[in-house]
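Chemist: Got a file for you: structure_38.csv, CSV, C-alpha atoms and all ligand atoms.
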```
chain,number,residue,atom,x,y,z
L,1,MET,CA,-62.5,66.7,111.2
L,2,SER,CA,-61.1,63.2,110.7
L,3,VAL,CA,-57.7,62.4,109.4
L,4,ILE,CA,-59.2,61.1,106.2
L,5,GLU,CA,-61.2,64.3,105.7
L,6,ALA,CA,-58.1,66.4,106.4
L,7,VAL,CA,-56.1,64.6,103.8
L,8,SER,CA,-58.8,64.7,101.2
L,9,GLN,CA,-59.2,68.5,101.7
L,10,HIS,CA,-55.5,69.3,101.8
L,11,GLY,CA,-53.8,67.4,99.0
L,12,ASP,CA,-50.4,68.8,99.7
L,13,ILE,CA,-49.9,66.7,102.9
L,14,GLU,CA,-46.7,64.7,102.5
L,15,SER,CA,-47.0,62.4,105.5
L,16,ILE,CA,-49.0,61.8,108.7
L,17,GLY,CA,-47.7,61.2,112.2
L,18,ILE,CA,-50.0,59.7,114.8
L,19,GLY,CA,-49.3,59.8,118.5
L,20,CYS,CA,-50.8,56.8,120.2
L,21,CYS,CA,-50.6,54.7,123.4
L,22,GLY,CA,-48.6,51.5,123.0
L,23,SER,CA,-46.4,50.8,120.0
L,24,VAL,CA,-46.2,49.0,116.7
L,25,GLY,CA,-44.5,45.7,117.5
L,26,ASN,CA,-42.0,44.0,115.2
L,27,ASP,CA,-44.8,42.0,113.7
L,28,GLY,CA,-46.5,45.2,112.6
L,29,LEU,CA,-49.4,44.9,115.1
L,30,MET,CA,-50.2,47.2,118.0
L,31,GLN,CA,-48.9,46.1,121.5
L,32,GLY,CA,-48.9,47.5,125.0
L,33,ALA,CA,-51.8,50.0,124.5
L,34,ASN,CA,-53.9,50.8,127.5
L,35,VAL,CA,-56.7,51.3,125.0
L,36,THR,CA,-56.5,47.5,124.9
L,37,VAL,CA,-58.9,47.1,121.9
L,38,LEU,CA,-56.0,48.3,119.8
L,39,ASN,CA,-53.6,45.5,120.8
L,40,GLY,CA,-53.1,42.9,118.1
L,41,GLN,CA,-54.5,45.2,115.4
L,42,ASP,CA,-52.8,46.3,112.2
L,43,PHE,CA,-53.6,50.0,113.0
L,44,ILE,CA,-51.3,51.5,110.4
L,45,GLY,CA,-52.5,49.1,107.7
L,46,ASP,CA,-56.1,49.9,108.5
L,47,ILE,CA,-55.5,53.6,108.2
L,48,GLN,CA,-53.3,53.2,105.1
L,49,LYS,CA,-56.2,51.5,103.3
L,50,GLN,CA,-58.0,54.8,103.5
L,51,ILE,CA,-55.2,57.2,102.9
L,52,ASP,CA,-52.6,57.3,100.2
L,53,VAL,CA,-50.0,59.2,102.2
L,54,PRO,CA,-47.2,57.6,104.3
L,55,VAL,CA,-48.4,57.1,107.9
L,56,ALA,CA,-46.2,56.7,111.0
L,57,ILE,CA,-47.3,55.9,114.5
L,58,ALA,CA,-45.3,56.9,117.5
L,59,ASN,CA,-45.9,56.1,121.2
L,60,ASP,CA,-47.5,59.1,122.9
L,61,ALA,CA,-44.7,59.4,125.5
L,62,ASP,CA,-42.1,59.3,122.7
L,63,CYS,CA,-44.0,62.1,121.1
L,64,LEU,CA,-43.9,64.1,124.3
L,65,ALA,CA,-40.1,63.5,124.7
L,66,LEU,CA,-39.4,64.6,121.1
L,67,SER,CA,-41.6,67.7,121.4
L,68,GLU,CA,-40.1,68.8,124.7
L,69,TYR,CA,-36.5,68.0,123.8
L,70,LYS,CA,-36.7,69.8,120.5
L,71,ASP,CA,-38.1,73.1,121.7
L,72,GLY,CA,-39.8,72.6,125.0
L,73,ALA,CA,-39.0,72.1,128.7
L,74,ALA,CA,-35.8,70.1,127.8
L,75,LYS,CA,-34.6,72.4,125.0
L,76,HIS,CA,-31.5,73.3,127.0
L,77,ALA,CA,-30.4,69.6,127.3
L,78,THR,CA,-27.4,68.8,125.1
L,79,ASN,CA,-28.1,65.2,124.4
L,80,SER,CA,-30.6,63.5,126.8
L,81,CYS,CA,-34.0,63.7,128.4
L,82,VAL,CA,-36.8,61.4,129.6
L,83,ALA,CA,-40.4,62.5,129.4
L,84,VAL,CA,-43.0,60.7,131.5
L,85,ILE,CA,-46.7,60.8,131.0
L,86,ILE,CA,-48.7,60.5,134.1
L,87,GLY,CA,-52.3,60.5,132.8
L,88,THR,CA,-54.7,57.7,132.3
L,89,GLY,CA,-51.7,55.5,132.1
L,90,CYS,CA,-47.9,55.9,132.6
L,91,GLY,CA,-45.2,55.7,130.0
L,92,ALA,CA,-42.0,57.3,129.1
L,93,GLY,CA,-40.1,58.5,126.1
L,94,VAL,CA,-36.3,58.4,126.2
L,95,VAL,CA,-34.0,60.7,124.1
L,96,ILE,CA,-30.3,59.9,124.1
L,97,ASN,CA,-27.7,61.3,121.8
L,98,ASN,CA,-30.4,63.3,120.1
L,99,GLY,CA,-32.4,60.3,119.1
L,100,LEU,CA,-35.4,58.4,120.5
L,101,VAL,CA,-34.7,55.0,122.1
L,102,THR,CA,-37.5,52.8,120.8
L,103,GLY,CA,-35.7,49.6,121.4
L,104,LEU,CA,-35.3,46.1,120.0
L,105,ASN,CA,-38.9,45.0,121.0
L,106,LYS,CA,-40.3,48.6,120.7
L,107,LEU,CA,-40.6,48.7,124.5
L,108,GLY,CA,-38.2,51.5,125.2
L,109,GLY,CA,-39.5,53.7,128.0
L,110,GLU,CA,-42.3,51.4,129.2
L,111,LEU,CA,-41.4,51.9,132.8
L,112,GLY,CA,-45.1,52.1,133.8
L,113,HIS,CA,-45.1,48.3,133.7
L,114,ASN,CA,-42.1,47.8,135.8
L,115,PRO,CA,-43.1,47.0,139.4
L,116,LEU,CA,-43.5,50.0,141.7
L,117,PRO,CA,-40.1,50.2,143.5
L,118,ASN,CA,-40.2,49.3,147.2
L,119,PHE,CA,-43.9,48.3,147.0
L,120,ASN,CA,-45.1,47.8,150.6
L,121,PRO,CA,-48.8,47.0,151.2
L,122,ASP,CA,-48.7,48.7,154.5
L,123,VAL,CA,-47.8,52.0,152.8
L,124,ASP,CA,-49.1,51.6,149.2
L,125,GLY,CA,-52.3,49.7,149.7
L,126,LYS,CA,-53.5,46.4,148.6
L,127,PRO,CA,-51.6,44.5,145.8
L,128,HIS,CA,-53.1,45.4,142.4
L,129,GLU,CA,-53.2,43.4,139.2
L,130,CYS,CA,-52.6,45.5,136.1
L,131,TYR,CA,-54.4,45.0,132.9
L,132,CYS,CA,-51.1,43.8,131.5
L,133,GLY,CA,-51.2,40.8,133.9
L,134,SER,CA,-48.4,41.9,136.2
L,135,MET,CA,-48.8,42.8,139.8
L,136,ASN,CA,-48.2,46.3,141.3
L,137,CYS,CA,-47.1,48.0,138.0
L,138,ALA,CA,-45.9,51.6,138.6
L,139,GLU,CA,-48.7,52.8,136.3
L,140,SER,CA,-51.3,51.4,138.8
L,141,PHE,CA,-50.1,54.0,141.3
L,142,VAL,CA,-48.5,57.0,139.6
L,143,SER,CA,-51.0,57.5,136.7
L,144,GLY,CA,-53.9,59.8,137.4
L,145,THR,CA,-56.1,56.7,137.3
L,146,GLY,CA,-53.9,55.2,140.0
L,147,PHE,CA,-54.0,58.4,142.1
L,148,ALA,CA,-57.8,58.2,142.2
L,149,ARG,CA,-57.9,54.4,142.6
L,150,THR,CA,-55.7,54.3,145.6
L,151,PHE,CA,-57.5,57.2,147.2
L,152,ALA,CA,-60.9,55.4,146.7
L,153,GLU,CA,-59.4,52.2,148.2
L,154,LYS,CA,-58.5,54.0,151.4
L,155,HIS,CA,-61.3,56.6,151.7
L,156,GLU,CA,-64.0,57.3,149.2
L,157,PRO,CA,-64.5,57.4,145.4
L,158,ALA,CA,-63.1,60.7,144.0
L,159,ASP,CA,-61.4,61.7,140.8
L,160,SER,CA,-58.0,63.6,140.7
L,161,ARG,CA,-59.7,67.0,140.6
L,162,GLU,CA,-61.9,66.2,143.6
L,163,ILE,CA,-58.9,64.9,145.6
L,164,MET,CA,-57.0,68.1,144.8
L,165,ALA,CA,-60.0,70.2,145.8
L,166,LEU,CA,-60.0,68.4,149.1
L,167,TYR,CA,-56.3,69.0,149.4
L,168,HIS,CA,-56.7,72.8,148.9
L,169,LYS,CA,-59.3,72.7,151.7
L,170,GLY,CA,-56.7,71.2,154.0
L,171,ASP,CA,-58.3,67.8,154.1
L,172,ALA,CA,-55.7,65.6,155.9
L,173,ARG,CA,-56.6,62.5,153.9
L,174,ALA,CA,-55.9,64.3,150.6
L,175,VAL,CA,-52.7,66.0,151.9
L,176,ASP,CA,-51.4,62.6,153.0
L,177,HIS,CA,-52.5,61.0,149.7
L,178,LEU,CA,-50.6,63.5,147.6
L,179,ASP,CA,-47.5,63.1,149.7
L,180,LEU,CA,-47.7,59.3,149.2
L,181,TYR,CA,-48.3,59.8,145.5
L,182,CYS,CA,-45.2,62.0,145.2
L,183,ASP,CA,-43.2,59.4,147.1
L,184,GLN,CA,-44.4,56.7,144.6
L,185,LEU,CA,-43.5,59.0,141.7
L,186,ALA,CA,-40.1,59.8,143.2
L,187,ARG,CA,-39.4,56.0,143.5
L,188,THR,CA,-40.4,55.5,139.8
L,189,LEU,CA,-38.3,58.5,138.6
L,190,GLY,CA,-35.4,57.5,140.8
L,191,ALA,CA,-35.1,54.3,138.8
L,192,ILE,CA,-34.8,56.4,135.6
L,193,VAL,CA,-32.0,58.4,137.1
L,194,ASN,CA,-30.2,55.3,138.2
L,195,PHE,CA,-30.5,53.7,134.8
L,196,VAL,CA,-30.4,56.6,132.2
L,197,ASP,CA,-29.4,59.6,134.3
L,198,PRO,CA,-31.0,62.1,131.8
L,199,GLU,CA,-30.3,65.8,132.0
L,200,VAL,CA,-33.9,66.6,132.5
L,201,ILE,CA,-37.1,64.6,133.4
L,202,VAL,CA,-40.2,66.2,131.8
L,203,LEU,CA,-43.7,65.4,133.1
L,204,GLY,CA,-46.8,65.4,130.9
L,205,GLY,CA,-50.4,64.2,131.2
L,206,GLY,CA,-53.1,65.2,133.6
L,207,MET,CA,-51.2,64.8,136.9
L,208,SER,CA,-48.4,66.9,135.5
L,209,ASN,CA,-50.7,69.9,135.8
L,210,VAL,CA,-50.8,69.5,139.6
L,211,ASP,CA,-48.1,72.1,140.5
L,212,GLU,CA,-47.8,70.8,144.1
L,213,VAL,CA,-46.2,67.6,142.7
L,214,TYR,CA,-42.9,69.2,141.6
L,215,PRO,CA,-41.4,70.5,144.9
L,216,LEU,CA,-42.5,67.3,146.7
L,217,VAL,CA,-41.0,64.9,144.1
L,218,GLN,CA,-37.9,67.0,143.8
L,219,GLN,CA,-37.4,66.8,147.6
L,220,LYS,CA,-37.9,63.1,147.6
L,221,LEU,CA,-36.1,62.0,144.5
L,222,SER,CA,-32.6,61.7,146.1
L,223,GLN,CA,-33.9,59.2,148.6
L,224,TYR,CA,-34.3,56.7,145.8
L,225,THR,CA,-31.1,57.3,143.7
L,226,PHE,CA,-27.8,55.5,144.1
L,227,THR,CA,-25.9,58.8,144.7
L,228,LYS,CA,-27.9,60.9,147.1
L,229,ALA,CA,-27.0,64.4,145.8
L,230,VAL,CA,-28.5,64.2,142.4
L,231,THR,CA,-29.4,67.5,140.7
L,232,THR,CA,-31.8,66.2,138.1
L,233,GLN,CA,-34.6,68.6,137.5
L,234,VAL,CA,-38.1,67.3,137.2
L,235,VAL,CA,-40.1,69.9,135.2
L,236,LYS,CA,-43.5,70.4,133.7
L,237,SER,CA,-43.9,70.1,129.9
L,238,VAL,CA,-44.1,73.4,128.1
L,239,HIS,CA,-46.3,72.3,125.2
L,240,GLY,CA,-48.8,70.5,127.4
L,241,ASP,CA,-51.4,68.4,125.6
L,242,SER,CA,-50.0,69.8,122.3
L,243,SER,CA,-46.8,67.9,122.8
L,244,GLY,CA,-48.5,64.7,121.6
L,245,VAL,CA,-49.4,66.0,118.2
L,246,ARG,CA,-46.2,68.1,117.8
L,247,GLY,CA,-44.1,65.0,118.6
L,248,ALA,CA,-46.2,62.9,116.2
L,249,ALA,CA,-45.5,65.4,113.4
L,250,PHE,CA,-41.8,65.3,114.3
L,251,CYS,CA,-41.6,61.6,114.4
L,252,THR,CA,-41.7,61.1,110.7
L,253,HIS,CA,-38.7,63.4,110.2
L,254,PHE,CA,-36.7,63.4,113.5
L,255,LYS,CA,-35.0,60.1,114.3
X,301,ZN,ZN,-48.8,46.6,133.8
```
Could you write out this file's structure as structure tokens?
Ligand SMILES: [Zn+2]
Modeler:
Amino acid sequence: MSVIEAVSQHGDIESIGIGCCGSVGNDGLMQGANVTVLNGQDFIGDIQKQIDVPVAIANDADCLALSEYKDGAAKHATNSCVAVIIGTGCGAGVVINNGLVTGLNKLGGELGHNPLPNFNPDVDGKPHECYCGSMNCAESFVSGTGFARTFAEKHEPADSREIMALYHKGDARAVDHLDLYCDQLARTLGAIVNFVDPEVIVLGGGMSNVDEVYPLVQQKLSQYTFTKAVTTQVVKSVHGDSSGVRGAAFCTHFK
């Protein structure tokens, strides 16, 4: 059922929240979406032409952060959490003092397009140009897409599931690759700890379902933080894929 059909069949809907990659920039147009066809489009305006109900769009990582902070993996946090999506892309949502940090340019949490910390071609593989135009964006390595891309570059084409199947058979290439991936993710999350120092870091997206990631990242995280004895917990989202729609629903009411 489409959103338009849902609204026409349920006349008591007061507002609609949509979780989406990228964000609505200050000019009202989409920006920073890895579904790049959206960028530069008046997405809300186009939907609003069809639906006579207020529509809000929130970044999918912001939705994850809200959902998990409100009653998920970060519900015990008193005022801060960062949620990081490691799926087809990589983005983060930041909650501080019980509110989302969307930012002046609507770029809050876009750490996926910071350079991968300590990038070293001897360790991380060939330099890679991101669709955003920058080189060696963290997303190019720590997203699920990046996990598969860098494996293919070194070995053979395989998706994330196939790599993990090799891992469970004890394939040394896959074991080493997951270790490298967790090191790259720990570098990326270490930058969050140094900058925001949230009470909890919640992971969502396809790679967050790889349980082997958590002990490895937790073990490596302190190597990349200013103070070496950090106790920040990196945890799996509770609401999983539902966090996107839950957060989108909250985004119209929870600022
Ligand atoms: Zn990028």
Chemist: From the options L:Gly108, L:Gly72, L:Gly22, L:Pro115, which residue's atoms come nearest to ligand ZN 301 (chain X), counting all atoms listed in the file?
Modeler: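 Of L:Gly108, L:Gly72, L:Gly22, L:Pro115, the one nearest ligand ZN 301 (chain X), counting all atoms listed in the file, is L:Pro115.
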Chemist: Using only C-alpha atoms, which of L:Asn105, L:Ala248, L:Asp46, L:Gly206 sits nearest Cys20 of chain L?
Modeler: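 Closest residue, counting only C-alpha atoms: L:Ala248.
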Chemist: Quick one: residues within 12 Å of ligand ZN 301 (chain X), with all atoms listed in the file, as an NGL selection string?
Modeler: :L and (22 or 32-34 or 36 or 89-91 or 110-116 or 128-143 or 146)
Chemist: Residues near segment 75-82 of chain L, anyone? I mean within 12 Å using only C-alpha atoms, not counting same-chain ones fewer than 4 positions away, as JSON, numbers by chain.
Modeler: {"L": [61, 62, 63, 64, 65, 66, 67, 68, 69, 70, 71, 91, 92, 93, 94, 95, 96, 97, 98, 99, 100, 101, 108, 109, 110, 111, 189, 190, 191, 192, 193, 195, 196, 197, 198, 199, 200, 201, 202, 203, 204, 232, 233, 234, 235, 236, 237, 238, 239]}
Chemist: Using Å and a single decimal, report how far atom CA of Asp124 of chain L sits from atom CA of Tyr224 of chain L.
Modeler: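 Separation between atom CA of Tyr224 of chain L and atom CA of Asp124 of chain L: 16.0 Å.
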Chemist: Enter the distance from atom CA of Met164 of chain L to atom CA of Val213 of chain L, in Å, rounded to one decimal.
Modeler: 11.0 Å
Chemist: Provide the atom CA of Ala249 of chain L to atom CA of Ile18 of chain L distance in Å, to one decimal place.
Modeler: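 These two atoms are separated by 7.4 Å.
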Chemist: Given all atoms listed in the file as the basis, pick out the residue of L:Asn194, L:Gln184, L:Thr231, L:Ser23 nearest to Leu216 of chain L.
Modeler: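 Distance minimum relative to Leu216 of chain L lands on L:Gln184.
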Chemist: From the options L:Arg187, L:Arg173, L:His155, L:His168, which residue's atoms come nearest to Asn118 of chain L, counting all atoms listed in the file?
Modeler: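 Closest to Asn118 of chain L of all the choices is L:Arg187.
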Chemist: Which one is closest to Phe43 of chain L: L:Asp211, L:Asp27, L:Asp241, L:Glu14? Count all atoms listed in the file.
Modeler: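 Ranking L:Asp211, L:Asp27, L:Asp241, L:Glu14 by distance to Phe43 of chain L, first place goes to L:Asp27.
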Chemist: Pick the closest to Arg149 of chain L from L:Thr88, L:Lys169, L:Gly247, L:Ile51: which is it, counting only C-alpha atoms?
Modeler: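 When distances to Arg149 of chain L are compared using only C-alpha atoms, the smallest one comes from L:Thr88.
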Chemist: Please check which residues have atoms at most 9 Å from (-52.9, 59.5, 144.8) in the file's coordinates, counting only C-alpha atoms, and write them as a list in words.
Modeler: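 Those within range, by chain then number, are Phe141, Val142, Ser143, Gly144, Thr145, Gly146, Phe147, Ala148, Arg149, Thr150, Phe151, Ser160, Ile163, Ala174, Asp176, His177, Leu178, Asp179, Leu180, Tyr181, Cys182 and Gln184 of chain L.
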Chemist: Any chance you can output those residues with C-alpha atoms as an mmCIF file, in the coordinates of the input?
Modeler:
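New file out.cif:
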```cif
data_model
loop_
_atom_site.group_PDB
_atom_site.id
_atom_site.type_symbol
_atom_site.label_atom_id
_atom_site.label_comp_id
_atom_site.auth_asym_id
_atom_site.auth_seq_id
_atom_site.Cartn_x
_atom_site.Cartn_y
_atom_site.Cartn_z
ATOM 1 C CA PHE L 141 -50.100 54.000 141.300
ATOM 2 C CA VAL L 142 -48.500 57.000 139.600
ATOM 3 C CA SER L 143 -51.000 57.500 136.700
ATOM 4 C CA GLY L 144 -53.900 59.800 137.400
ATOM 5 C CA THR L 145 -56.100 56.700 137.300
ATOM 6 C CA GLY L 146 -53.900 55.200 140.000
ATOM 7 C CA PHE L 147 -54.000 58.400 142.100
ATOM 8 C CA ALA L 148 -57.800 58.200 142.200
ATOM 9 C CA ARG L 149 -57.900 54.400 142.600
ATOM 10 C CA THR L 150 -55.700 54.300 145.600
ATOM 11 C CA PHE L 151 -57.500 57.200 147.200
ATOM 12 C CA SER L 160 -58.000 63.600 140.700
ATOM 13 C CA ILE L 163 -58.900 64.900 145.600
ATOM 14 C CA ALA L 174 -55.900 64.300 150.600
ATOM 15 C CA ASP L 176 -51.400 62.600 153.000
ATOM 16 C CA HIS L 177 -52.500 61.000 149.700
ATOM 17 C CA LEU L 178 -50.600 63.500 147.600
ATOM 18 C CA ASP L 179 -47.500 63.100 149.700
ATOM 19 C CA LEU L 180 -47.700 59.300 149.200
ATOM 20 C CA TYR L 181 -48.300 59.800 145.500
ATOM 21 C CA CYS L 182 -45.200 62.000 145.200
ATOM 22 C CA GLN L 184 -44.400 56.700 144.600
#
```
